[in-house]
$ cat target.cif   # mmCIF, C-alpha atoms, pLDDT in the B column; chains and numbers go by the auth columns
data_query
#
loop_
_atom_site.group_PDB
_atom_site.id
_atom_site.type_symbol
_atom_site.label_atom_id
_atom_site.label_comp_id
_atom_site.label_asym_id
_atom_site.label_seq_id
_atom_site.Cartn_x
_atom_site.Cartn_y
_atom_site.Cartn_z
_atom_site.B_iso_or_equiv
_atom_site.auth_seq_id
_atom_site.auth_asym_id
ATOM 1 C CA MET A 1 -58.584 51.490 -44.517 39.00 1 A
ATOM 2 C CA GLU A 2 -59.607 48.886 -41.953 52.00 2 A
ATOM 3 C CA GLN A 3 -57.619 48.374 -38.776 57.00 3 A
ATOM 4 C CA TYR A 4 -56.187 45.068 -37.556 62.00 4 A
ATOM 5 C CA THR A 5 -56.741 43.088 -40.730 63.00 5 A
ATOM 6 C CA THR A 6 -53.304 42.446 -42.242 74.00 6 A
ATOM 7 C CA LEU A 7 -51.695 43.273 -38.892 82.00 7 A
ATOM 8 C CA ALA A 8 -53.675 40.612 -37.018 85.00 8 A
ATOM 9 C CA GLU A 9 -51.582 37.712 -38.332 87.00 9 A
ATOM 10 C CA TYR A 10 -48.348 39.298 -37.096 88.00 10 A
ATOM 11 C CA TYR A 11 -49.581 41.181 -34.041 87.00 11 A
ATOM 12 C CA ASP A 12 -48.155 38.776 -31.459 86.00 12 A
ATOM 13 C CA ARG A 13 -44.721 38.819 -33.097 88.00 13 A
ATOM 14 C CA LEU A 14 -44.706 42.610 -32.847 87.00 14 A
ATOM 15 C CA THR A 15 -45.889 42.835 -29.229 85.00 15 A
ATOM 16 C CA GLY A 16 -43.651 40.303 -27.520 81.00 16 A
ATOM 17 C CA ASP A 17 -42.502 42.943 -25.038 85.00 17 A
ATOM 18 C CA VAL A 18 -45.964 43.805 -23.687 92.00 18 A
ATOM 19 C CA GLY A 19 -45.718 41.548 -20.646 94.00 19 A
ATOM 20 C CA TYR A 20 -49.288 40.246 -20.488 96.00 20 A
ATOM 21 C CA SER A 21 -48.650 38.277 -17.279 97.00 21 A
ATOM 22 C CA ARG A 22 -47.809 41.541 -15.530 97.00 22 A
ATOM 23 C CA TRP A 23 -51.020 43.074 -16.841 98.00 23 A
ATOM 24 C CA ALA A 24 -52.977 40.049 -15.572 98.00 24 A
ATOM 25 C CA ASP A 25 -51.330 40.399 -12.155 98.00 25 A
ATOM 26 C CA TYR A 26 -52.358 44.046 -12.044 98.00 26 A
ATOM 27 C CA VAL A 27 -55.940 43.257 -13.044 98.00 27 A
ATOM 28 C CA GLU A 28 -56.154 40.679 -10.253 98.00 28 A
ATOM 29 C CA ARG A 29 -54.872 43.167 -7.696 98.00 29 A
ATOM 30 C CA HIS A 30 -57.915 45.288 -8.440 98.00 30 A
ATOM 31 C CA PHE A 31 -60.196 42.249 -8.314 98.00 31 A
ATOM 32 C CA ARG A 32 -58.973 41.451 -4.815 96.00 32 A
ATOM 33 C CA ARG A 33 -59.931 44.940 -3.661 94.00 33 A
ATOM 34 C CA LEU A 34 -63.593 44.337 -4.414 94.00 34 A
ATOM 35 C CA LYS A 35 -66.006 43.351 -1.674 85.00 35 A
ATOM 36 C CA ARG A 36 -67.313 40.520 -3.836 92.00 36 A
ATOM 37 C CA PRO A 37 -65.548 37.646 -5.600 96.00 37 A
ATOM 38 C CA VAL A 38 -64.805 37.999 -9.310 98.00 38 A
ATOM 39 C CA ARG A 39 -65.578 34.891 -11.332 98.00 39 A
ATOM 40 C CA SER A 40 -66.872 36.161 -14.695 98.00 40 A
ATOM 41 C CA VAL A 41 -64.916 38.724 -16.721 98.00 41 A
ATOM 42 C CA ALA A 42 -65.548 40.375 -20.086 98.00 42 A
ATOM 43 C CA GLU A 43 -62.573 41.799 -21.952 98.00 43 A
ATOM 44 C CA LEU A 44 -63.408 44.511 -24.465 98.00 44 A
ATOM 45 C CA ALA A 45 -61.055 44.931 -27.431 97.00 45 A
ATOM 46 C CA CYS A 46 -59.419 41.616 -26.554 97.00 46 A
ATOM 47 C CA GLY A 47 -57.253 41.596 -29.690 94.00 47 A
ATOM 48 C CA THR A 48 -55.451 38.304 -30.181 95.00 48 A
ATOM 49 C CA GLY A 49 -56.556 37.070 -26.771 96.00 49 A
ATOM 50 C CA SER A 50 -53.225 36.991 -24.916 96.00 50 A
ATOM 51 C CA LEU A 51 -54.620 38.537 -21.734 98.00 51 A
ATOM 52 C CA THR A 52 -57.880 36.623 -22.130 98.00 52 A
ATOM 53 C CA SER A 53 -55.981 33.346 -22.253 98.00 53 A
ATOM 54 C CA ILE A 54 -53.933 34.103 -19.148 98.00 54 A
ATOM 55 C CA LEU A 55 -56.991 35.069 -17.110 98.00 55 A
ATOM 56 C CA ALA A 56 -58.859 31.989 -18.345 98.00 56 A
ATOM 57 C CA SER A 57 -55.947 29.820 -17.218 98.00 57 A
ATOM 58 C CA ARG A 58 -56.255 31.429 -13.782 98.00 58 A
ATOM 59 C CA GLY A 59 -59.821 30.244 -13.457 98.00 59 A
ATOM 60 C CA TYR A 60 -61.926 33.173 -14.660 98.00 60 A
ATOM 61 C CA GLN A 61 -64.956 32.641 -16.881 98.00 61 A
ATOM 62 C CA MET A 62 -63.953 34.801 -19.844 98.00 62 A
ATOM 63 C CA THR A 63 -65.969 36.545 -22.541 98.00 63 A
ATOM 64 C CA ALA A 64 -63.780 38.204 -25.167 98.00 64 A
ATOM 65 C CA VAL A 65 -65.156 41.012 -27.338 98.00 65 A
ATOM 66 C CA ASP A 66 -63.472 42.618 -30.346 97.00 66 A
ATOM 67 C CA LEU A 67 -64.581 44.405 -33.518 95.00 67 A
ATOM 68 C CA SER A 68 -61.911 42.737 -35.686 93.00 68 A
ATOM 69 C CA ALA A 69 -62.855 39.281 -36.918 94.00 69 A
ATOM 70 C CA ASP A 70 -59.215 38.756 -37.943 93.00 70 A
ATOM 71 C CA MET A 71 -57.953 39.407 -34.417 94.00 71 A
ATOM 72 C CA LEU A 72 -60.666 37.168 -32.940 96.00 72 A
ATOM 73 C CA SER A 73 -59.661 34.358 -35.288 95.00 73 A
ATOM 74 C CA VAL A 74 -56.136 34.448 -33.866 95.00 74 A
ATOM 75 C CA ALA A 75 -57.532 34.665 -30.328 96.00 75 A
ATOM 76 C CA ALA A 76 -59.801 31.658 -30.851 96.00 76 A
ATOM 77 C CA GLN A 77 -56.823 29.580 -31.965 95.00 77 A
ATOM 78 C CA LYS A 78 -54.827 30.701 -28.938 95.00 78 A
ATOM 79 C CA CYS A 79 -57.646 29.808 -26.550 96.00 79 A
ATOM 80 C CA GLN A 80 -58.837 26.652 -28.333 94.00 80 A
ATOM 81 C CA ASP A 81 -58.275 24.490 -25.238 96.00 81 A
ATOM 82 C CA GLN A 82 -60.017 26.959 -22.920 97.00 82 A
ATOM 83 C CA GLU A 83 -63.675 27.751 -22.384 95.00 83 A
ATOM 84 C CA VAL A 84 -63.826 31.290 -23.721 97.00 84 A
ATOM 85 C CA LEU A 85 -66.809 32.922 -25.410 97.00 85 A
ATOM 86 C CA PHE A 86 -65.791 35.155 -28.325 97.00 86 A
ATOM 87 C CA LEU A 87 -68.056 37.932 -29.597 97.00 87 A
ATOM 88 C CA CYS A 88 -67.353 40.040 -32.688 97.00 88 A
ATOM 89 C CA GLN A 89 -68.951 43.289 -31.561 97.00 89 A
ATOM 90 C CA ASP A 90 -68.355 47.021 -31.353 96.00 90 A
ATOM 91 C CA MET A 91 -67.724 48.031 -27.736 96.00 91 A
ATOM 92 C CA ALA A 92 -70.219 50.891 -28.128 96.00 92 A
ATOM 93 C CA GLN A 93 -72.972 48.364 -28.894 96.00 93 A
ATOM 94 C CA PHE A 94 -71.835 45.102 -27.309 97.00 94 A
ATOM 95 C CA THR A 95 -74.292 42.720 -25.662 97.00 95 A
ATOM 96 C CA LEU A 96 -73.426 39.954 -23.199 97.00 96 A
ATOM 97 C CA LEU A 97 -75.495 36.878 -22.448 92.00 97 A
ATOM 98 C CA GLU A 98 -75.582 37.685 -18.719 97.00 98 A
ATOM 99 C CA PRO A 99 -74.097 40.207 -16.270 98.00 99 A
ATOM 100 C CA VAL A 100 -70.428 39.788 -15.377 98.00 100 A
ATOM 101 C CA ASP A 101 -68.440 40.558 -12.248 98.00 101 A
ATOM 102 C CA ALA A 102 -65.860 42.673 -14.076 98.00 102 A
ATOM 103 C CA VAL A 103 -65.200 44.306 -17.432 98.00 103 A
ATOM 104 C CA ILE A 104 -61.673 45.155 -18.511 98.00 104 A
ATOM 105 C CA CYS A 105 -60.365 47.064 -21.522 98.00 105 A
ATOM 106 C CA CYS A 106 -56.600 47.240 -21.886 97.00 106 A
ATOM 107 C CA LEU A 107 -53.713 48.604 -23.955 96.00 107 A
ATOM 108 C CA ASP A 108 -55.292 52.039 -24.611 96.00 108 A
ATOM 109 C CA SER A 109 -58.173 50.483 -26.510 97.00 109 A
ATOM 110 C CA VAL A 110 -60.522 53.242 -25.312 98.00 110 A
ATOM 111 C CA ASN A 111 -58.382 55.746 -27.232 98.00 111 A
ATOM 112 C CA TYR A 112 -59.267 53.871 -30.425 97.00 112 A
ATOM 113 C CA VAL A 113 -62.862 55.014 -29.934 97.00 113 A
ATOM 114 C CA THR A 114 -62.291 58.348 -31.643 97.00 114 A
ATOM 115 C CA ARG A 115 -65.776 59.790 -31.175 97.00 115 A
ATOM 116 C CA PRO A 116 -66.513 60.837 -27.588 98.00 116 A
ATOM 117 C CA GLN A 117 -70.222 60.121 -27.927 98.00 117 A
ATOM 118 C CA ARG A 118 -69.458 56.516 -28.881 98.00 118 A
ATOM 119 C CA LEU A 119 -67.203 56.116 -25.847 98.00 119 A
ATOM 120 C CA ARG A 120 -70.000 57.444 -23.653 98.00 120 A
ATOM 121 C CA ARG A 121 -72.259 54.765 -25.087 98.00 121 A
ATOM 122 C CA ALA A 122 -69.585 52.127 -24.507 98.00 122 A
ATOM 123 C CA PHE A 123 -69.312 53.089 -20.842 98.00 123 A
ATOM 124 C CA SER A 124 -73.092 52.944 -20.511 98.00 124 A
ATOM 125 C CA ARG A 125 -73.100 49.456 -22.056 98.00 125 A
ATOM 126 C CA VAL A 126 -70.445 48.369 -19.578 98.00 126 A
ATOM 127 C CA TYR A 127 -72.538 49.662 -16.690 98.00 127 A
ATOM 128 C CA GLN A 128 -75.617 47.822 -17.964 98.00 128 A
ATOM 129 C CA HIS A 129 -73.754 44.505 -18.255 98.00 129 A
ATOM 130 C CA LEU A 130 -72.010 44.607 -14.882 98.00 130 A
ATOM 131 C CA ALA A 131 -73.472 42.812 -11.894 97.00 131 A
ATOM 132 C CA PRO A 132 -74.104 44.977 -8.800 96.00 132 A
ATOM 133 C CA GLY A 133 -70.793 45.648 -7.109 96.00 133 A
ATOM 134 C CA GLY A 134 -68.934 44.864 -10.322 97.00 134 A
ATOM 135 C CA LEU A 135 -65.752 46.553 -11.514 98.00 135 A
ATOM 136 C CA PHE A 136 -64.851 48.342 -14.735 98.00 136 A
ATOM 137 C CA LEU A 137 -61.073 48.589 -15.180 98.00 137 A
ATOM 138 C CA PHE A 138 -59.397 50.210 -18.180 98.00 138 A
ATOM 139 C CA ASP A 139 -56.317 52.184 -19.155 98.00 139 A
ATOM 140 C CA ALA A 140 -55.861 55.136 -21.486 98.00 140 A
ATOM 141 C CA LYS A 141 -53.022 57.103 -22.957 98.00 141 A
ATOM 142 C CA THR A 142 -52.948 60.705 -21.792 98.00 142 A
ATOM 143 C CA PRO A 143 -52.750 63.700 -24.145 98.00 143 A
ATOM 144 C CA LEU A 144 -49.108 64.038 -23.096 98.00 144 A
ATOM 145 C CA ALA A 145 -48.369 60.579 -24.519 98.00 145 A
ATOM 146 C CA PHE A 146 -49.634 61.620 -27.951 98.00 146 A
ATOM 147 C CA GLU A 147 -47.789 64.936 -27.820 98.00 147 A
ATOM 148 C CA GLN A 148 -44.571 63.054 -27.060 97.00 148 A
ATOM 149 C CA ALA A 149 -45.205 60.600 -29.926 97.00 149 A
ATOM 150 C CA ASP A 150 -45.832 63.278 -32.550 97.00 150 A
ATOM 151 C CA GLY A 151 -43.451 62.920 -35.483 97.00 151 A
ATOM 152 C CA GLN A 152 -41.768 59.821 -34.091 97.00 152 A
ATOM 153 C CA THR A 153 -40.990 56.825 -36.284 97.00 153 A
ATOM 154 C CA TYR A 154 -40.812 53.340 -34.793 93.00 154 A
ATOM 155 C CA LEU A 155 -39.405 50.062 -36.107 93.00 155 A
ATOM 156 C CA ASP A 156 -40.074 46.465 -35.076 90.00 156 A
ATOM 157 C CA GLU A 157 -38.420 43.617 -36.940 88.00 157 A
ATOM 158 C CA ASP A 158 -37.206 40.048 -36.982 88.00 158 A
ATOM 159 C CA GLU A 159 -35.622 37.938 -39.745 90.00 159 A
ATOM 160 C CA SER A 160 -38.742 37.773 -41.914 93.00 160 A
ATOM 161 C CA LEU A 161 -40.919 40.633 -40.681 93.00 161 A
ATOM 162 C CA MET A 162 -40.486 44.391 -40.437 94.00 162 A
ATOM 163 C CA CYS A 163 -43.044 46.912 -39.232 94.00 163 A
ATOM 164 C CA VAL A 164 -42.444 50.645 -39.636 96.00 164 A
ATOM 165 C CA TRP A 165 -44.902 53.139 -38.239 94.00 165 A
ATOM 166 C CA ARG A 166 -45.008 56.882 -37.786 96.00 166 A
ATOM 167 C CA ALA A 167 -47.142 58.845 -35.334 97.00 167 A
ATOM 168 C CA ASP A 168 -48.594 62.246 -36.231 98.00 168 A
ATOM 169 C CA TYR A 169 -50.638 64.111 -33.627 98.00 169 A
ATOM 170 C CA GLU A 170 -53.084 66.875 -34.557 98.00 170 A
ATOM 171 C CA PRO A 171 -53.772 68.874 -31.359 97.00 171 A
ATOM 172 C CA ARG A 172 -56.794 70.698 -32.769 97.00 172 A
ATOM 173 C CA ARG A 173 -58.559 67.453 -33.705 97.00 173 A
ATOM 174 C CA ARG A 174 -56.974 65.631 -30.757 98.00 174 A
ATOM 175 C CA ILE A 175 -56.272 62.724 -33.106 98.00 175 A
ATOM 176 C CA CYS A 176 -53.038 60.788 -33.316 98.00 176 A
ATOM 177 C CA GLY A 177 -52.718 58.932 -36.614 97.00 177 A
ATOM 178 C CA TYR A 178 -50.397 56.011 -37.205 95.00 178 A
ATOM 179 C CA GLY A 179 -49.307 55.086 -40.704 94.00 179 A
ATOM 180 C CA ILE A 180 -48.178 51.473 -40.499 93.00 180 A
ATOM 181 C CA ASP A 181 -46.185 49.673 -43.208 94.00 181 A
ATOM 182 C CA LEU A 182 -45.733 45.935 -42.812 93.00 182 A
ATOM 183 C CA PHE A 183 -43.039 44.117 -44.799 95.00 183 A
ATOM 184 C CA THR A 184 -43.018 40.290 -44.914 94.00 184 A
ATOM 185 C CA LEU A 185 -40.386 38.097 -46.536 93.00 185 A
ATOM 186 C CA ARG A 186 -41.616 35.829 -49.332 92.00 186 A
ATOM 187 C CA PRO A 187 -40.151 32.365 -50.059 93.00 187 A
ATOM 188 C CA ASP A 188 -38.484 33.743 -53.198 94.00 188 A
ATOM 189 C CA GLY A 189 -36.557 36.311 -51.147 92.00 189 A
ATOM 190 C CA ALA A 190 -38.639 39.323 -52.170 94.00 190 A
ATOM 191 C CA TRP A 191 -40.636 41.382 -49.683 94.00 191 A
ATOM 192 C CA ASN A 192 -44.379 42.065 -49.610 93.00 192 A
ATOM 193 C CA ARG A 193 -45.549 45.454 -48.393 95.00 193 A
ATOM 194 C CA GLU A 194 -48.985 46.076 -46.859 92.00 194 A
ATOM 195 C CA SER A 195 -50.281 49.107 -45.014 92.00 195 A
ATOM 196 C CA GLU A 196 -52.792 50.050 -42.361 92.00 196 A
ATOM 197 C CA TYR A 197 -53.804 53.363 -40.813 93.00 197 A
ATOM 198 C CA HIS A 198 -54.877 53.691 -37.178 95.00 198 A
ATOM 199 C CA GLU A 199 -56.204 56.621 -35.175 97.00 199 A
ATOM 200 C CA GLU A 200 -56.486 57.316 -31.453 98.00 200 A
ATOM 201 C CA PHE A 201 -58.250 60.137 -29.608 98.00 201 A
ATOM 202 C CA ALA A 202 -56.583 62.098 -26.793 98.00 202 A
ATOM 203 C CA TYR A 203 -59.096 61.996 -23.937 98.00 203 A
ATOM 204 C CA THR A 204 -58.309 63.955 -20.804 98.00 204 A
ATOM 205 C CA PRO A 205 -58.629 62.247 -17.399 98.00 205 A
ATOM 206 C CA GLU A 206 -61.396 64.697 -16.565 98.00 206 A
ATOM 207 C CA GLU A 207 -63.418 63.690 -19.621 98.00 207 A
ATOM 208 C CA LEU A 208 -63.084 59.983 -18.896 98.00 208 A
ATOM 209 C CA HIS A 209 -64.129 60.556 -15.287 98.00 209 A
ATOM 210 C CA GLU A 210 -67.154 62.505 -16.508 98.00 210 A
ATOM 211 C CA PHE A 211 -68.160 59.730 -18.943 98.00 211 A
ATOM 212 C CA LEU A 212 -68.002 57.181 -16.122 98.00 212 A
ATOM 213 C CA ASP A 213 -70.023 59.402 -13.824 98.00 213 A
ATOM 214 C CA GLN A 214 -72.663 59.940 -16.507 98.00 214 A
ATOM 215 C CA ALA A 215 -72.914 56.183 -17.025 98.00 215 A
ATOM 216 C CA GLY A 216 -73.733 55.719 -13.339 98.00 216 A
ATOM 217 C CA PHE A 217 -70.434 54.519 -11.896 97.00 217 A
ATOM 218 C CA THR A 218 -69.405 55.351 -8.349 88.00 218 A
ATOM 219 C CA SER A 219 -66.124 55.104 -6.467 93.00 219 A
ATOM 220 C CA ILE A 220 -64.149 56.171 -9.531 98.00 220 A
ATOM 221 C CA LYS A 221 -60.416 56.028 -8.881 98.00 221 A
ATOM 222 C CA ILE A 222 -57.452 56.856 -11.106 98.00 222 A
ATOM 223 C CA TYR A 223 -54.080 55.111 -10.965 98.00 223 A
ATOM 224 C CA ASP A 224 -50.669 55.444 -12.541 98.00 224 A
ATOM 225 C CA ASN A 225 -49.566 52.929 -15.163 98.00 225 A
ATOM 226 C CA LEU A 226 -49.720 49.423 -13.617 98.00 226 A
ATOM 227 C CA LYS A 227 -49.420 51.009 -10.162 98.00 227 A
ATOM 228 C CA MET A 228 -51.734 51.235 -7.170 97.00 228 A
ATOM 229 C CA ARG A 229 -50.959 54.911 -6.621 98.00 229 A
ATOM 230 C CA ALA A 230 -52.324 58.104 -8.118 98.00 230 A
ATOM 231 C CA PRO A 231 -50.854 59.198 -11.474 98.00 231 A
ATOM 232 C CA LYS A 232 -48.285 61.957 -11.787 97.00 232 A
ATOM 233 C CA GLU A 233 -48.642 65.067 -13.899 95.00 233 A
ATOM 234 C CA ASP A 234 -46.306 63.579 -16.507 97.00 234 A
ATOM 235 C CA SER A 235 -47.930 60.122 -16.625 98.00 235 A
ATOM 236 C CA GLU A 236 -48.443 58.924 -20.179 98.00 236 A
ATOM 237 C CA ARG A 237 -50.754 56.010 -19.320 98.00 237 A
ATOM 238 C CA ILE A 238 -53.348 55.934 -16.558 98.00 238 A
ATOM 239 C CA PHE A 239 -55.861 53.419 -15.253 98.00 239 A
ATOM 240 C CA PHE A 240 -59.462 53.917 -14.151 98.00 240 A
ATOM 241 C CA ALA A 241 -61.192 51.610 -11.685 98.00 241 A
ATOM 242 C CA ALA A 242 -64.935 52.282 -11.391 98.00 242 A
ATOM 243 C CA ARG A 243 -67.493 50.312 -9.414 97.00 243 A
ATOM 244 C CA LYS A 244 -71.194 49.758 -9.999 97.00 244 A
ATOM 245 C CA ASP A 245 -73.175 49.893 -6.752 91.00 245 A
#

$ encode --input "target.cif" --output "structure tokens"
Amino acid sequence: MEQYTTLAEYYDRLTGDVGYSRWADYVERHFRRLKRPVRSVAELACGTGSLTSILASRGYQMTAVDLSADMLSVAAQKCQDQEVLFLCQDMAQFTLLEPVDAVICCLDSVNYVTRPQRLRRAFSRVYQHLAPGGLFLFDAKTPLAFEQADGQTYLDEDESLMCVWRADYEPRRRICGYGIDLFTLRPDGAWNRESEYHEEFAYTPEELHEFLDQAGFTSIKIYDNLKMRAPKEDSERIFFAARKD
């Protein structure tokens, strides 16, 4: 079953609590720490383009990459008055027209790359497409986050939309699967039901650090969720900031 097909149309209604402006503020805090100005930014797994749009409005030259054509269609509509380049590509094989000053990948999108070898390739592609001195910034859920989610059922709804999803974590495979049922209200008062299935891989911080090191990155630093301090042992989301010399 494909991911982010049916869900794409309703994604923004289900993620109204994400706080993309706060994420953009955090991204810019890391940009300001660089020794070089950041003008061009590529966002991997951009989804419906909410963060892309905010950064574009703040003056960055944005390239938005995502594997889902349905999500990119929504993003293109959202950014129709902005100069954003959209690319429908796999992050393990993406190609940019020219090097960029920064690459970002947010909302645990790296966990959706469920084969470690493919994530290694993605990090290598990022390194190749960064300008010297450029920054790679991304977040990831920790194994603890998936352990805590195991067996939990979640519900998001409004008057005409209901999304029910259950998380099941398999420690041996290190895969957390999400069965997602989406119910939408029809004009005749009946409800349509559609389903998707998503999977995420539980990477350890040590593995992600190793992948970055193998790709050639230096000055690799780890931060707590949307903080500028080191993560705690019980952190469920962490950020990596890696620089290309």

$ closest_atom_pairs --input "target.cif" --of "segment 90-209 of chain A" --to "segment 34-49 of chain A" --cutoff "8 Å" --atoms "all atoms listed in the file" --output "CSV"
residue,atom,partner,partner_atom,distance
A:Met91,CA,A:Leu44,CA,6.5
A:Val100,CA,A:Ser40,CA,5.1
A:Asp101,CA,A:Ser40,CA,5.3
A:Ala102,CA,A:Val41,CA,4.8
A:Val103,CA,A:Ala42,CA,4.8
A:Ile104,CA,A:Glu43,CA,4.9
A:Cys105,CA,A:Leu44,CA,4.9
A:Cys106,CA,A:Ala45,CA,7.5
A:Ser109,CA,A:Ala45,CA,6.3
A:Gly133,CA,A:Arg36,CA,7.0
A:Gly134,CA,A:Arg36,CA,8.0
A:Leu135,CA,A:Leu34,CA,7.7

$ residues_near_point --input "target.cif" --point "(-53.4, 42.2, -11.5)" --cutoff "12 Å" --atoms "only C-alpha atoms" --output "ChimeraX atom specification"
/A:19-33,51,54-55,58,104,106,137,225-228

$ closest_residue --input "target.cif" --among "A:Arg121, A:Asp12, A:Val126, A:Tyr60" --to "Lys78 of chain A" --atoms "all atoms listed in the file"
A:Asp12

$ atom_distance --input "target.cif" --atom1 "atom CA of Ile238 of chain A" --atom2 "atom CA of Glu206 of chain A"
11.9 Å

$ atom_distance --input "target.cif" --atom1 "atom CA of Leu72 of chain A" --atom2 "atom CA of Ala241 of chain A"
25.7 Å

$ residues_near_point --input "target.cif" --point "(-71.8, 54.5, -18.6)" --cutoff "9 Å" --atoms "only C-alpha atoms" --output "list in words"
Leu119, Arg120, Arg121, Ala122, Phe123, Ser124, Arg125, Val126, Tyr127, Gln128, Phe211, Leu212, Asp213, Gln214, Ala215, Gly216 and Phe217 of chain A

$ resolve_selection --input "target.cif" --expression "the PyMOL selection byres ((chain A and resi 151-161) around 10)" --output "tab-separated table (two decimals) with C-alpha atoms, keeping the file's coordinate frame"
chain	number	residue	atom	x	y	z
A	10	TYR	CA	-48.35	39.30	-37.10
A	13	ARG	CA	-44.72	38.82	-33.10
A	14	LEU	CA	-44.71	42.61	-32.85
A	15	THR	CA	-45.89	42.84	-29.23
A	146	PHE	CA	-49.63	61.62	-27.95
A	147	GLU	CA	-47.79	64.94	-27.82
A	148	GLN	CA	-44.57	63.05	-27.06
A	149	ALA	CA	-45.20	60.60	-29.93
A	150	ASP	CA	-45.83	63.28	-32.55
A	162	MET	CA	-40.49	44.39	-40.44
A	163	CYS	CA	-43.04	46.91	-39.23
A	164	VAL	CA	-42.44	50.64	-39.64
A	165	TRP	CA	-44.90	53.14	-38.24
A	166	ARG	CA	-45.01	56.88	-37.79
A	167	ALA	CA	-47.14	58.84	-35.33
A	168	ASP	CA	-48.59	62.25	-36.23
A	169	TYR	CA	-50.64	64.11	-33.63
A	178	TYR	CA	-50.40	56.01	-37.20
A	179	GLY	CA	-49.31	55.09	-40.70
A	180	ILE	CA	-48.18	51.47	-40.50
A	181	ASP	CA	-46.18	49.67	-43.21
A	182	LEU	CA	-45.73	45.94	-42.81
A	183	PHE	CA	-43.04	44.12	-44.80
A	184	THR	CA	-43.02	40.29	-44.91
A	185	LEU	CA	-40.39	38.10	-46.54
A	186	ARG	CA	-41.62	35.83	-49.33
A	187	PRO	CA	-40.15	32.36	-50.06
A	189	GLY	CA	-36.56	36.31	-51.15
A	191	TRP	CA	-40.64	41.38	-49.68
A	192	ASN	CA	-44.38	42.06	-49.61

$ atom_distance --input "target.cif" --atom1 "atom CA of Leu97 of chain A" --atom2 "atom CA of Glu83 of chain A"
14.9 Å

$ axis_aligned_box --input "target.cif" --around "segment 127-139 of chain A" --padding-each-side "8 Å" --output "AutoDock Vina command-line options"
--center_x -66.0 --center_y 47.5 --center_z -13.1 --size_x 35.3 --size_y 25.4 --size_z 28.0

$ resolve_selection --input "target.cif" --expression "the PyMOL selection byres ((chain A and resi 87) around 10)" --output "MDAnalysis selection string"
chainID A and resid 44 46 63:69 72 84:86 88:90 94:96

$ residues_around --input "target.cif" --residues "Arg174 of chain A" --least-positions-apart "2" --cutoff "7 Å" --atoms "only C-alpha atoms" --output "VMD selection string"
chain A and resid 170 to 172 176 201 to 202

$ closest_residue --input "target.cif" --among "A:Lys232, A:His129, A:Arg237, A:Arg118" --to "Pro143 of chain A" --atoms "only C-alpha atoms"
A:Arg237

$ resolve_selection --input "target.cif" --expression "the PyMOL selection byres ((chain A and resi 233) around 12)" --output "PyMOL selection string"
chain A and resi 142-145+204-205+223-224+230-232+234-238

$ decode --input "target.cif" --residues "segment 23-32 of chain A" --atoms "N, CA, C and O atoms" --output "compact mmCIF listing (two decimals), in the first residue's frame"
# COMPACT_ATOMS: atom_id res chain seq x y z
N TRP A 23 9.24 25.52 13.99
CA TRP A 23 10.27 24.71 13.33
C TRP A 23 11.15 25.61 12.45
O TRP A 23 12.38 25.46 12.43
N ALA A 24 10.53 26.54 11.73
CA ALA A 24 11.31 27.45 10.88
C ALA A 24 12.24 28.31 11.72
O ALA A 24 13.40 28.56 11.35
N ASP A 25 11.77 28.78 12.88
CA ASP A 25 12.61 29.57 13.78
C ASP A 25 13.82 28.75 14.22
O ASP A 25 14.95 29.26 14.28
N TYR A 26 13.58 27.48 14.53
CA TYR A 26 14.67 26.62 14.99
C TYR A 26 15.69 26.38 13.88
O TYR A 26 16.90 26.43 14.10
N VAL A 27 15.20 26.14 12.67
CA VAL A 27 16.09 25.95 11.53
C VAL A 27 16.97 27.19 11.35
O VAL A 27 18.19 27.09 11.14
N GLU A 28 16.38 28.37 11.45
CA GLU A 28 17.15 29.60 11.25
C GLU A 28 18.17 29.82 12.36
O GLU A 28 19.22 30.43 12.11
N ARG A 29 17.88 29.36 13.54
CA ARG A 29 18.88 29.47 14.62
C ARG A 29 20.15 28.71 14.25
O ARG A 29 21.27 29.18 14.50
N HIS A 30 19.99 27.56 13.63
CA HIS A 30 21.16 26.81 13.19
C HIS A 30 21.84 27.50 12.00
O HIS A 30 23.07 27.51 11.92
N PHE A 31 21.07 28.07 11.11
CA PHE A 31 21.66 28.80 9.99
C PHE A 31 22.55 29.93 10.48
O PHE A 31 23.65 30.17 9.94
N ARG A 32 22.11 30.63 11.50
CA ARG A 32 22.88 31.77 12.01
C ARG A 32 24.18 31.35 12.66
O ARG A 32 25.08 32.18 12.83
